[in-house]
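J.: So here's target_16.csv (CSV, C-alpha atoms).
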chain,number,residue,atom,x,y,z
A,864,MET,CA,24.3,-20.0,21.7
A,865,VAL,CA,20.8,-18.8,22.8
A,866,ASP,CA,22.3,-16.6,25.5
A,867,VAL,CA,24.7,-15.0,23.0
A,868,LEU,CA,21.8,-14.3,20.5
A,869,SER,CA,19.6,-12.9,23.2
A,870,VAL,CA,22.3,-10.6,24.6
A,871,LEU,CA,23.1,-9.4,21.0
A,872,LEU,CA,19.4,-8.6,20.4
A,873,ILE,CA,19.0,-6.8,23.7
A,874,ALA,CA,22.2,-4.8,23.2
A,875,CYS,CA,21.2,-3.7,19.7
A,876,GLY,CA,17.8,-2.7,21.1
A,877,ILE,CA,19.4,-0.6,23.9
A,878,PHE,CA,21.7,1.0,21.3
A,879,LEU,CA,18.6,2.0,19.3
A,880,PHE,CA,16.9,3.4,22.4
A,881,ALA,CA,20.1,5.5,23.1
A,882,SER,CA,20.4,6.7,19.6
A,883,GLY,CA,16.7,7.7,19.5
A,884,THR,CA,17.2,9.6,22.7
A,885,LEU,CA,20.2,11.3,21.2
A,886,GLY,CA,18.1,12.3,18.2
A,887,LEU,CA,15.4,13.7,20.4
A,888,LEU,CA,17.9,15.9,22.2
A,889,ARG,CA,20.0,17.0,19.2
A,890,LEU,CA,17.8,17.3,16.2
A,891,PRO,CA,16.5,20.8,15.3
A,892,ASP,CA,12.7,20.5,14.9
A,893,PHE,CA,9.7,18.6,15.9
A,894,TYR,CA,9.4,16.5,12.7
A,895,CYS,CA,13.0,15.4,12.8
A,896,ARG,CA,12.7,14.5,16.5
A,897,MET,CA,9.5,12.5,15.8
A,898,HIS,CA,11.2,10.6,13.0
A,899,ALA,CA,14.2,9.7,15.2
A,900,THR,CA,12.2,8.6,18.2
A,901,GLY,CA,9.5,6.9,16.2
A,902,LYS,CA,11.9,4.7,14.2
A,903,CYS,CA,14.4,4.0,17.0
A,904,ASP,CA,11.8,3.3,19.8
A,905,THR,CA,9.8,0.9,17.7
A,906,LEU,CA,12.8,-1.1,16.5
A,907,GLY,CA,14.5,-0.9,19.9
A,908,ALA,CA,11.5,-2.2,21.7
A,909,LEU,CA,11.1,-4.9,19.1
A,910,LEU,CA,14.7,-6.1,19.5
A,911,VAL,CA,14.7,-6.0,23.3
A,912,LEU,CA,11.5,-7.9,23.6
A,913,LEU,CA,12.6,-10.4,20.9
A,914,GLY,CA,15.9,-10.9,22.9
A,915,LEU,CA,13.9,-11.6,26.0
A,916,ALA,CA,11.7,-14.0,24.2
A,917,VAL,CA,14.7,-15.9,22.8
A,918,TYR,CA,16.3,-16.0,26.3
A,919,GLN,CA,13.1,-17.4,27.8
A,920,GLY,CA,12.7,-20.1,25.2
A,921,PHE,CA,9.4,-21.4,23.9
A,922,SER,CA,6.9,-20.9,26.7
A,923,LEU,CA,3.8,-19.0,27.6
A,924,ILE,CA,6.0,-16.0,28.6
A,925,SER,CA,7.7,-15.9,25.2
A,926,VAL,CA,4.3,-16.1,23.5
A,927,LYS,CA,3.1,-13.1,25.6
A,928,LEU,CA,6.2,-11.2,24.7
A,929,LEU,CA,5.6,-11.8,21.0
A,930,PHE,CA,2.1,-10.5,21.3
A,931,ILE,CA,3.5,-7.4,22.9
A,932,VAL,CA,6.0,-7.1,20.0
A,933,VAL,CA,3.2,-7.2,17.5
A,934,PHE,CA,1.2,-4.6,19.4
A,935,ILE,CA,4.1,-2.2,19.7
A,936,PHE,CA,5.0,-2.8,16.0
A,937,LEU,CA,1.5,-1.7,15.0
A,938,ALA,CA,0.8,1.0,17.7
A,939,ASN,CA,4.0,3.0,17.7
A,940,PRO,CA,4.1,3.9,14.0
A,941,THR,CA,0.4,4.7,14.1
A,942,ALA,CA,0.8,7.0,17.2
A,943,THR,CA,3.8,8.7,15.6
A,944,HIS,CA,1.9,9.3,12.4
A,945,ALA,CA,-1.1,10.7,14.4
A,946,ILE,CA,1.1,13.1,16.4
A,947,GLY,CA,3.0,14.2,13.3
A,948,ARG,CA,-0.2,14.8,11.4
A,949,ALA,CA,-1.6,16.8,14.3
A,950,ALA,CA,1.5,19.0,14.3
A,951,PHE,CA,1.1,19.4,10.5
A,952,VAL,CA,-2.6,20.4,10.9
A,953,ARG,CA,-1.5,22.9,13.6
A,954,ARG,CA,1.0,24.3,11.1
A,955,VAL,CA,4.1,23.6,13.1
A,956,ARG,CA,6.8,24.8,10.7
A,957,PRO,CA,9.8,22.6,9.9
A,958,TRP,CA,13.3,23.8,10.4
A,959,THR,CA,15.2,25.1,7.3
A,960,LYS,CA,18.8,26.0,6.6
A,961,ASP,CA,17.8,29.7,6.4
A,962,SER,CA,16.5,29.8,10.0
A,963,PRO,CA,19.3,29.7,12.6
A,964,GLU,CA,17.0,28.7,15.4
A,965,PRO,CA,14.4,26.0,15.4
A,966,PRO,CA,11.0,27.7,14.8
A,967,ALA,CA,8.6,28.1,17.7
A,968,SER,CA,5.2,26.6,17.0
A,969,GLU,CA,2.1,28.7,17.0
A,970,ALA,CA,1.1,27.2,20.3
A,971,GLU,CA,4.4,28.5,21.9
A,972,GLU,CA,3.9,31.9,20.2
A,973,ASP,CA,0.4,32.1,21.7
A,974,LEU,CA,1.8,31.7,25.1
A,975,LYS,CA,4.1,34.7,24.8
Now, as a test, write the supplied structure out as structure tokens.
T.:
Amino acid sequence: MVDVLSVLLIACGIFLFASGTLGLLRLPDFYCRMHATGKCDTLGALLVLLGLAVYQGFSLISVKLLFIVVFIFLANPTATHAIGRAAFVRRVRPWTKDSPEPPASEAEEDLK
């Protein structure tokens, strides 16, 4: 039963990693991509590490994995917010329905 639960948690985590990667590749602008990767990576890592902790059983290794889960659960959203806020301060424009192409940021325009 523990093996089935751990495989299910790990499989769900891998699915979330894959869907976050797909969102990174397919979504039109920076903010949408940040949202997809921020949510999916945090929850995917959480599920994979919880699956590994369940598989390991109660031991020092599972306690270390749970500490890593707590750290990721706190650090990933904070980092995603900081990166998104930095883009907002740099005035990276979001994509709208009126613009056929995703907008280039000012930093990319400066390079041209």
J.: Could you tell me how far atom CA of A:Gly883 lies from atom CA of A:Gly907, in Å and to one decimal?
T.: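 Answer for the atom CA of A:Gly883 to atom CA of A:Gly907 separation: 8.9 Å.
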J.: Find the spatial neighbours of stretch 925-928 of chain A, counting all atoms listed in the file, within a cut-off of 9 Å - ignore same-chain residues fewer than 5 positions away - and output them as a ChimeraX atom specification.
T.: /A:912-913,915-920,933
J.: Ranking A:Met864, A:Ala899, A:Val911, A:Leu888 by minimum distance to A:Ile935 and counting only C-alpha atoms, which one comes first?
T.: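 The closest residue to A:Ile935 is A:Val911.
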J.: Just how far from atom CA of A:His898 is atom CA of A:His944, in Å to one decimal?
T.: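 If I compute the distance from atom CA of A:His944 to atom CA of A:His898, I get 9.4 Å.
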J.: So that I can check the surroundings of A:Gly914, please list as a list in words every protein, DNA and RNA residue that reaches within 6 Å of it, counting all atoms listed in the file and ignoring chain neighbours fewer than 5 positions away.
T.: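 The residues satisfying every condition are Ser869, Leu872 and Ile873 of chain A.
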J.: Store the residues of this selection in a file with C-alpha atoms, as a short mmCIF file (atom, residue, chain, number, x, y, z; two decimals), in the coordinates of the input.
T.:
data_model
loop_
_atom_site.label_atom_id
_atom_site.label_comp_id
_atom_site.auth_asym_id
_atom_site.auth_seq_id
_atom_site.Cartn_x
_atom_site.Cartn_y
_atom_site.Cartn_z
CA SER A 869 19.60 -12.90 23.20
CA LEU A 872 19.40 -8.60 20.40
CA ILE A 873 19.00 -6.80 23.70
#
J.: Quick one: distance from atom CA of A:Ser922 to atom CA of A:Lys902 in Å, one decimal?
T.: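 Atom CA of A:Ser922 sits 28.9 Å away from atom CA of A:Lys902.
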J.: Kindly indicate which residue among A:Leu910, A:Ala945, A:Phe934, A:Arg953 lies nearest to A:Met897, using only C-alpha atoms for the distances.
T.: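 Checking each candidate against A:Met897, we get A:Ala945 as the closest.
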J.: Pick from A:Phe951, A:Leu906, A:Leu879, A:Lys960: nearest to A:Phe893, with only C-alpha atoms counted?
T.: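 The closest residue to A:Phe893 is A:Phe951.
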J.: With distances taken over only C-alpha atoms, which of A:Val865, A:Val870, A:Cys903, A:Val952 is nearest to A:Leu885?
T.: A:Cys903
